[in-house]
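Step one of this worksheet: look at the structure below.
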Amino acid sequence: MLAAVKTENSKEILLEDKPIPELEEDELLIKVQACGICGSDLHAFVHSRGYEFVDKPIILGHEIAGEVVGSGEGLQDSFIGKGVIVESMHYCGRCENCNSGRFSICETNKVIGLHFNGGMSEYVKTKRKYVKEIPDGLPATLASLSEPMAVAVHAVEKAGEIKENQLILVQGPGIIGFFIGLVCLAKGARVILSGLEKDYSTRLSKAEEFGMIPHRTNVDVLPEKVDLLFECSGSPAAVTEGFKQLKKGGKAVFVALYEQTVELFLTDLVRNEWPIITSYGCNPSDYETALEVLKRNQHELQEIISYYPLGQINEAFKDSLSQSVLKAVLEI
Ligand SMILES: [Zn+2]
Ligand SMILES: [Zn+2]
């Protein structure tokens, strides 16, 4: 099979011929149809701080959708021929956190395509318990977005109840920020999506078409303080700025991963009773909600994706790194 391999020293991703993975008895073989390129793939690609654990050479890719073409001997129900997505987080199902439904912080959590080979390849294998069927009528290219959408769903759930007309600031117009904005809009909130001046003509104006209020940091002034803040930018400066926009008693949810240490003056947080909520990854049940949201919005969402064949994976990474595309998906 053709597979995209990232090695320790290569500047580019290499296309190599690899054997099709052999199945254990509880595993399925999936013919990959679409695999999204995520921010964490970019971090692994440029060897960012916090991604030292990625053991190269590796086939990246954890936003996977495809068709089941093989199944291990121990599996009774044949999934052959079904369209599925693969959950990114491979939890143990036995630890304290898994037992209380907090699978995304499983004690031994591993992410497909970061800890072991993933979906930027013609075939991938995974355990039966990590696949979910794609609802009828949703194309694989969009279903591959169920992972970032599930991350957004998870973050919004961690924020607690979203009330109608509540004012929400989402910082960072990447795909997670964009999706969090969409989920909050669907709950009746007013959503401000903030980004840099250079994002205005691309990402922020796109968000405006979806009903969000675009906001350029350092240029625009917010009309009023917000009830809820989602920090998805990963910039330490944005963290400080975000708190300045938050009402007394408001909440801040941190979804981004930070390459640098962030300094906070905790007295401000105490005096305003600002709880810090963090949200990491997603749980299996978040995928179900995510697939529904994707199905409902599929026509509008088609236009935010830029498609690349597997052979153009290096262009896809380059365009994602330069942020000239909002979401790159490999069609395989
Ligand atoms: Zn991802
Ligand atoms: Zn666990």
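Lettering and numbering for the structure tokens are positional, with chains as A, B, ... in the shown order, residues counted from 1 in each chain, and ligands counted from 1 in the shown order.
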Do you have, as JSON lines, the list of residues of chain A lying at most 9 Å from ligand 2, each with its nearest atom pair and that distance in Å to one decimal, counting only C-alpha atoms and all ligand atoms and ordered by chain then number?
{"residue": "A:His90", "atom": "CA", "partner": "ligand 2", "partner_atom_place_in_ligand_line": "1 (Zn)", "distance": 8.7}
{"residue": "A:Tyr91", "atom": "CA", "partner": "ligand 2", "partner_atom_place_in_ligand_line": "1 (Zn)", "distance": 5.0}
{"residue": "A:Cys92", "atom": "CA", "partner": "ligand 2", "partner_atom_place_in_ligand_line": "1 (Zn)", "distance": 3.9}
{"residue": "A:Gly93", "atom": "CA", "partner": "ligand 2", "partner_atom_place_in_ligand_line": "1 (Zn)", "distance": 4.7}
{"residue": "A:Arg94", "atom": "CA", "partner": "ligand 2", "partner_atom_place_in_ligand_line": "1 (Zn)", "distance": 5.1}
{"residue": "A:Cys95", "atom": "CA", "partner": "ligand 2", "partner_atom_place_in_ligand_line": "1 (Zn)", "distance": 4.1}
{"residue": "A:Glu96", "atom": "CA", "partner": "ligand 2", "partner_atom_place_in_ligand_line": "1 (Zn)", "distance": 6.7}
{"residue": "A:Asn97", "atom": "CA", "partner": "ligand 2", "partner_atom_place_in_ligand_line": "1 (Zn)", "distance": 5.9}
{"residue": "A:Cys98", "atom": "CA", "partner": "ligand 2", "partner_atom_place_in_ligand_line": "1 (Zn)", "distance": 4.4}
{"residue": "A:Asn99", "atom": "CA", "partner": "ligand 2", "partner_atom_place_in_ligand_line": "1 (Zn)", "distance": 7.4}
{"residue": "A:Arg102", "atom": "CA", "partner": "ligand 2", "partner_atom_place_in_ligand_line": "1 (Zn)", "distance": 8.2}
{"residue": "A:Phe103", "atom": "CA", "partner": "ligand 2", "partner_atom_place_in_ligand_line": "1 (Zn)", "distance": 6.2}
{"residue": "A:Ser104", "atom": "CA", "partner": "ligand 2", "partner_atom_place_in_ligand_line": "1 (Zn)", "distance": 8.4}
{"residue": "A:Ile105", "atom": "CA", "partner": "ligand 2", "partner_atom_place_in_ligand_line": "1 (Zn)", "distance": 7.3}
{"residue": "A:Cys106", "atom": "CA", "partner": "ligand 2", "partner_atom_place_in_ligand_line": "1 (Zn)", "distance": 3.7}
{"residue": "A:Glu107", "atom": "CA", "partner": "ligand 2", "partner_atom_place_in_ligand_line": "1 (Zn)", "distance": 5.1}
{"residue": "A:Thr108", "atom": "CA", "partner": "ligand 2", "partner_atom_place_in_ligand_line": "1 (Zn)", "distance": 5.8}
{"residue": "A:Asn109", "atom": "CA", "partner": "ligand 2", "partner_atom_place_in_ligand_line": "1 (Zn)", "distance": 6.5}
7 Å contact set for stretch 149-151 of chain A, only C-alpha atoms, chain neighbours under 4 positions out, as an NGL selection string
:A and (145 or 155 or 179 or 281-282 or 286-287 or 290)
Same residues, all heavy atoms, output as a CSV table (one decimal), in the first residue's frame:
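again15.csv was written with the following content:
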chain,number,residue,atom,x,y,z
A,145,LEU,N,-14.0,15.0,9.3
A,145,LEU,CA,-14.0,16.2,10.2
A,145,LEU,C,-14.7,15.9,11.5
A,145,LEU,O,-14.8,16.7,12.4
A,145,LEU,CB,-14.7,17.4,9.5
A,145,LEU,CG,-14.1,17.9,8.2
A,145,LEU,CD1,-14.8,19.2,7.8
A,145,LEU,CD2,-12.6,18.1,8.3
A,155,ALA,N,-15.5,20.5,24.1
A,155,ALA,CA,-15.1,21.8,24.8
A,155,ALA,C,-16.4,22.6,25.1
A,155,ALA,O,-16.5,23.1,26.2
A,155,ALA,CB,-14.3,22.6,23.8
A,179,PHE,N,-15.3,25.5,14.6
A,179,PHE,CA,-16.3,24.5,15.0
A,179,PHE,C,-17.0,24.8,16.3
A,179,PHE,O,-18.2,24.7,16.5
A,179,PHE,CB,-15.7,23.1,15.0
A,179,PHE,CG,-15.6,22.5,13.6
A,179,PHE,CD1,-15.0,21.3,13.4
A,179,PHE,CD2,-16.1,23.2,12.5
A,179,PHE,CE1,-14.9,20.7,12.1
A,179,PHE,CE2,-16.0,22.6,11.2
A,179,PHE,CZ,-15.4,21.4,11.0
A,281,GLY,N,-9.1,16.9,23.8
A,281,GLY,CA,-9.6,15.8,23.0
A,281,GLY,C,-11.1,15.6,23.1
A,281,GLY,O,-11.9,16.6,23.2
A,282,CYS,N,-11.6,14.4,23.0
A,282,CYS,CA,-13.0,14.1,23.0
A,282,CYS,C,-13.3,12.7,23.5
A,282,CYS,O,-12.4,11.9,23.5
A,282,CYS,CB,-13.6,14.3,21.6
A,282,CYS,SG,-12.7,13.4,20.3
A,286,ASP,N,-19.0,12.0,22.0
A,286,ASP,CA,-18.9,13.3,21.3
A,286,ASP,C,-18.9,13.1,19.8
A,286,ASP,O,-19.3,14.0,19.0
A,286,ASP,CB,-17.6,14.1,21.7
A,286,ASP,CG,-17.6,14.4,23.2
A,286,ASP,OD1,-18.6,14.8,23.7
A,286,ASP,OD2,-16.5,14.3,23.8
A,287,TYR,N,-18.4,11.9,19.3
A,287,TYR,CA,-18.4,11.7,17.9
A,287,TYR,C,-19.9,11.6,17.3
A,287,TYR,O,-20.1,12.0,16.2
A,287,TYR,CB,-17.7,10.4,17.5
A,287,TYR,CG,-16.2,10.5,17.5
A,287,TYR,CD1,-15.5,10.3,18.7
A,287,TYR,CD2,-15.5,10.9,16.4
A,287,TYR,CE1,-14.1,10.5,18.7
A,287,TYR,CE2,-14.2,11.1,16.3
A,287,TYR,CZ,-13.5,10.9,17.5
A,287,TYR,OH,-12.1,11.0,17.5
A,290,ALA,N,-21.1,15.0,17.0
A,290,ALA,CA,-20.3,15.6,15.9
A,290,ALA,C,-20.8,15.2,14.5
A,290,ALA,O,-20.9,16.0,13.6
A,290,ALA,CB,-18.8,15.3,16.0
Exercise answer, 10 Å around ligand 1 with only C-alpha atoms and all ligand atoms, as a list of chain:residue names
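Every residue with an atom at most 10 Å from ligand 1 is listed here: A:Gly36, A:Ile37, A:Cys38, A:Gly39, A:Ser40, A:Asp41, A:Gly61, A:His62, A:Glu63, A:Ile64, A:Ser88, A:Met89, A:Val111, A:Gly113, A:Ser144, A:Leu145, A:Ser146, A:Glu147, A:Pro148, A:Met149, A:Ala150, A:Val151, A:Ile175, A:Ile176, A:Gly281.
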Selected residues written out with N, CA and C atoms, as a compact mmCIF listing (two decimals), in the first residue's frame:
# COMPACT_ATOMS: atom_id res chain seq x y z
N GLY A 36 -8.04 13.97 7.41
CA GLY A 36 -7.81 15.40 7.61
C GLY A 36 -6.41 15.66 8.15
N ILE A 37 -5.90 16.85 7.86
CA ILE A 37 -4.62 17.27 8.44
C ILE A 37 -4.94 18.19 9.61
N CYS A 38 -4.45 17.78 10.80
CA CYS A 38 -4.78 18.47 12.04
C CYS A 38 -3.60 19.33 12.47
N GLY A 39 -3.87 20.29 13.34
CA GLY A 39 -2.80 21.10 13.91
C GLY A 39 -1.72 20.24 14.56
N SER A 40 -2.13 19.14 15.20
CA SER A 40 -1.12 18.31 15.85
C SER A 40 -0.24 17.57 14.83
N ASP A 41 -0.78 17.30 13.64
CA ASP A 41 0.06 16.72 12.58
C ASP A 41 1.14 17.73 12.17
N GLY A 61 -1.77 10.98 10.91
CA GLY A 61 -3.18 11.00 10.51
C GLY A 61 -4.11 10.36 11.51
N HIS A 62 -4.96 11.20 12.16
CA HIS A 62 -5.94 10.64 13.11
C HIS A 62 -7.37 11.11 12.80
N GLU A 63 -7.56 11.78 11.67
CA GLU A 63 -8.92 12.20 11.30
C GLU A 63 -9.32 11.35 10.10
N ILE A 64 -9.73 10.12 10.42
CA ILE A 64 -9.81 9.08 9.39
C ILE A 64 -11.25 8.67 9.09
N SER A 88 -9.89 9.00 17.40
CA SER A 88 -8.45 9.30 17.45
C SER A 88 -7.81 8.77 18.74
N MET A 89 -8.58 8.82 19.86
CA MET A 89 -7.99 8.49 21.15
C MET A 89 -8.25 7.04 21.50
N VAL A 111 -2.82 8.17 20.89
CA VAL A 111 -3.51 8.75 19.73
C VAL A 111 -2.99 8.09 18.46
N GLY A 113 -1.86 7.68 14.82
CA GLY A 113 -1.20 8.65 13.93
C GLY A 113 -0.24 9.57 14.65
N SER A 144 -14.58 12.74 7.90
CA SER A 144 -13.23 12.81 8.47
C SER A 144 -13.09 14.02 9.40
N LEU A 145 -14.01 14.99 9.27
CA LEU A 145 -13.98 16.16 10.17
C LEU A 145 -14.65 15.86 11.50
N SER A 146 -15.13 14.64 11.68
CA SER A 146 -15.82 14.33 12.94
C SER A 146 -14.88 14.44 14.13
N GLU A 147 -13.57 14.22 13.90
CA GLU A 147 -12.64 14.34 15.05
C GLU A 147 -12.54 15.79 15.53
N PRO A 148 -12.16 16.75 14.66
CA PRO A 148 -12.13 18.13 15.17
C PRO A 148 -13.50 18.61 15.65
N MET A 149 -14.58 18.14 15.00
CA MET A 149 -15.91 18.55 15.46
C MET A 149 -16.19 17.96 16.84
N ALA A 150 -15.77 16.73 17.08
CA ALA A 150 -15.98 16.12 18.40
C ALA A 150 -15.17 16.84 19.48
N VAL A 151 -13.99 17.32 19.11
CA VAL A 151 -13.18 18.11 20.05
C VAL A 151 -13.93 19.41 20.41
N ILE A 175 -9.63 25.50 12.75
CA ILE A 175 -10.83 24.67 12.57
C ILE A 175 -11.53 24.41 13.91
N ILE A 176 -10.78 24.26 15.01
CA ILE A 176 -11.43 23.99 16.29
C ILE A 176 -12.23 25.21 16.75
N GLY A 281 -9.14 16.85 23.85
CA GLY A 281 -9.63 15.79 22.96
C GLY A 281 -11.13 15.62 23.05
For stretch 5-104 of chain A against stretch 310-326 of chain A, with a cut-off of 7 Å and counting only C-alpha atoms, what is the closest atom pair and its distance in Å to one decimal for every residue that makes the cut, ordered by chain and number, as CSV?
residue,atom,partner,partner_atom,distance
A:Glu12,CA,A:Asn314,CA,6.4
A:Ile13,CA,A:Asn314,CA,6.3
A:Leu42,CA,A:Leu321,CA,6.8
Using only C-alpha atoms, determine which residues lie at most 12 Å from stretch 70-77 of chain A, disregarding the query and same-chain residues fewer than 5 positions distant; provide the list as a list in words.
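Using only C-alpha atoms, the neighbours found are Ile20, Pro21, Glu22, Leu23, Glu24, Glu25, Asp26, Glu27, Leu28, Leu29, Ile30, Lys31, Lys82, Tyr123, Val124, Lys125, Thr126, Lys127, Arg128 and Lys129 of chain A.
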Suppose we keep C-alpha atoms; can you now write the selection as a CSV table (one decimal), in the first residue's frame?
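Written file, selection09.csv:
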chain,number,residue,atom,x,y,z
A,20,ILE,CA,-0.9,-3.8,4.4
A,21,PRO,CA,-1.2,-4.1,8.2
A,22,GLU,CA,-2.0,-7.6,9.6
A,23,LEU,CA,-5.0,-7.9,11.8
A,24,GLU,CA,-5.3,-9.1,15.3
A,25,GLU,CA,-8.5,-10.9,16.1
A,26,ASP,CA,-10.4,-7.8,17.4
A,27,GLU,CA,-9.2,-5.4,14.6
A,28,LEU,CA,-10.7,-4.1,11.4
A,29,LEU,CA,-8.9,-3.2,8.2
A,30,ILE,CA,-10.1,0.1,6.7
A,31,LYS,CA,-9.5,1.4,3.2
A,82,LYS,CA,-19.5,-0.2,6.0
A,123,TYR,CA,-5.1,1.2,4.6
A,124,VAL,CA,-5.2,1.5,8.3
A,125,LYS,CA,-6.1,-1.0,11.0
A,126,THR,CA,-7.8,-0.4,14.4
A,127,LYS,CA,-9.8,-2.2,17.1
A,128,ARG,CA,-13.5,-2.6,16.4
A,129,LYS,CA,-14.3,-0.6,19.6
Please give the complete set of residues from stretch 46-295 of chain A that DSSP, run on the backbone, assigns to strand (DSSP E or B), formatted as a ChimeraX atom specification.
/A:58,63-71,83-86,89-90,110-112,116,121,123-127,131-133,167-171,190-195,213-216,226-231,246-254,276-278
Report as a ChimeraX atom specification all protein, DNA and RNA residues lying within 7 Å of stretch 230-242 of chain A, evaluated on only C-alpha atoms, omitting residues in the same chain fewer than 2 positions from it.
/A:169-172,176-177,228,244-246,252-258,262
So, with only C-alpha atoms as the atoms that count, which of A:Ile58, A:Val84, A:Glu122, A:Lys247 lies closest to A:Asp17?
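Selected residue with least distance to A:Asp17: A:Glu122.
Excluding A:Gln298 itself and any same-chain residue fewer than 5 positions from it, the protein and nucleic acid residues within 9 Å of it, counting only C-alpha atoms, are A:Leu138, A:Pro139, A:Leu142, A:Val293.
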As a check of understanding: the span from atom CA of A:Ser205 to atom CA of A:Ala189 is 18.7 Å
Tell me which protein, DNA and RNA residues are within 8 Å of A:Ala65, counting only C-alpha atoms, leaving out same-chain ones fewer than 5 positions away, and put them as a PyMOL selection string.
chain A and resi 32-35+83-86+140-141+143-144
Given the selection you just returned, output its residues as a file containing C-alpha atoms, formatted as a short mmCIF file (atom, residue, chain, number, x, y, z; two decimals), in the first residue's frame.
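Output saved as result.cif:
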data_model
loop_
_atom_site.label_atom_id
_atom_site.label_comp_id
_atom_site.auth_asym_id
_atom_site.auth_seq_id
_atom_site.Cartn_x
_atom_site.Cartn_y
_atom_site.Cartn_z
CA VAL A 32 -8.96 5.03 3.91
CA GLN A 33 -11.01 7.43 1.80
CA ALA A 34 -10.26 10.70 3.58
CA CYS A 35 -7.84 11.87 6.25
CA GLY A 83 -18.41 3.44 5.99
CA VAL A 84 -16.74 4.30 9.30
CA ILE A 85 -14.67 6.87 11.10
CA VAL A 86 -11.89 5.94 13.51
CA ALA A 140 -16.32 10.34 3.91
CA THR A 141 -14.53 13.61 3.18
CA ALA A 143 -17.01 12.50 8.06
CA SER A 144 -13.23 12.81 8.47
#
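For the residues A:Ser121, A:His299, A:Lys11, A:Asn283, ranking by smallest atom-to-atom distance to A:Glu157 using only C-alpha atoms places A:Asn283 first.
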For A:Gly249, work out the shell of residues within 7 Å, counting only C-alpha atoms and skipping chain neighbours fewer than 6 positions away, then give it as JSON, numbers by chain.
{"A": [272, 273, 274]}
Those residues you just picked out, can you put them in a file as a tab-separated table (two decimals), in the first residue's frame with C-alpha atoms?
chain	number	residue	atom	x	y	z
A	272	ASN	CA	-13.24	37.93	39.39
A	273	GLU	CA	-14.02	34.31	40.26
A	274	TRP	CA	-12.90	33.21	36.82
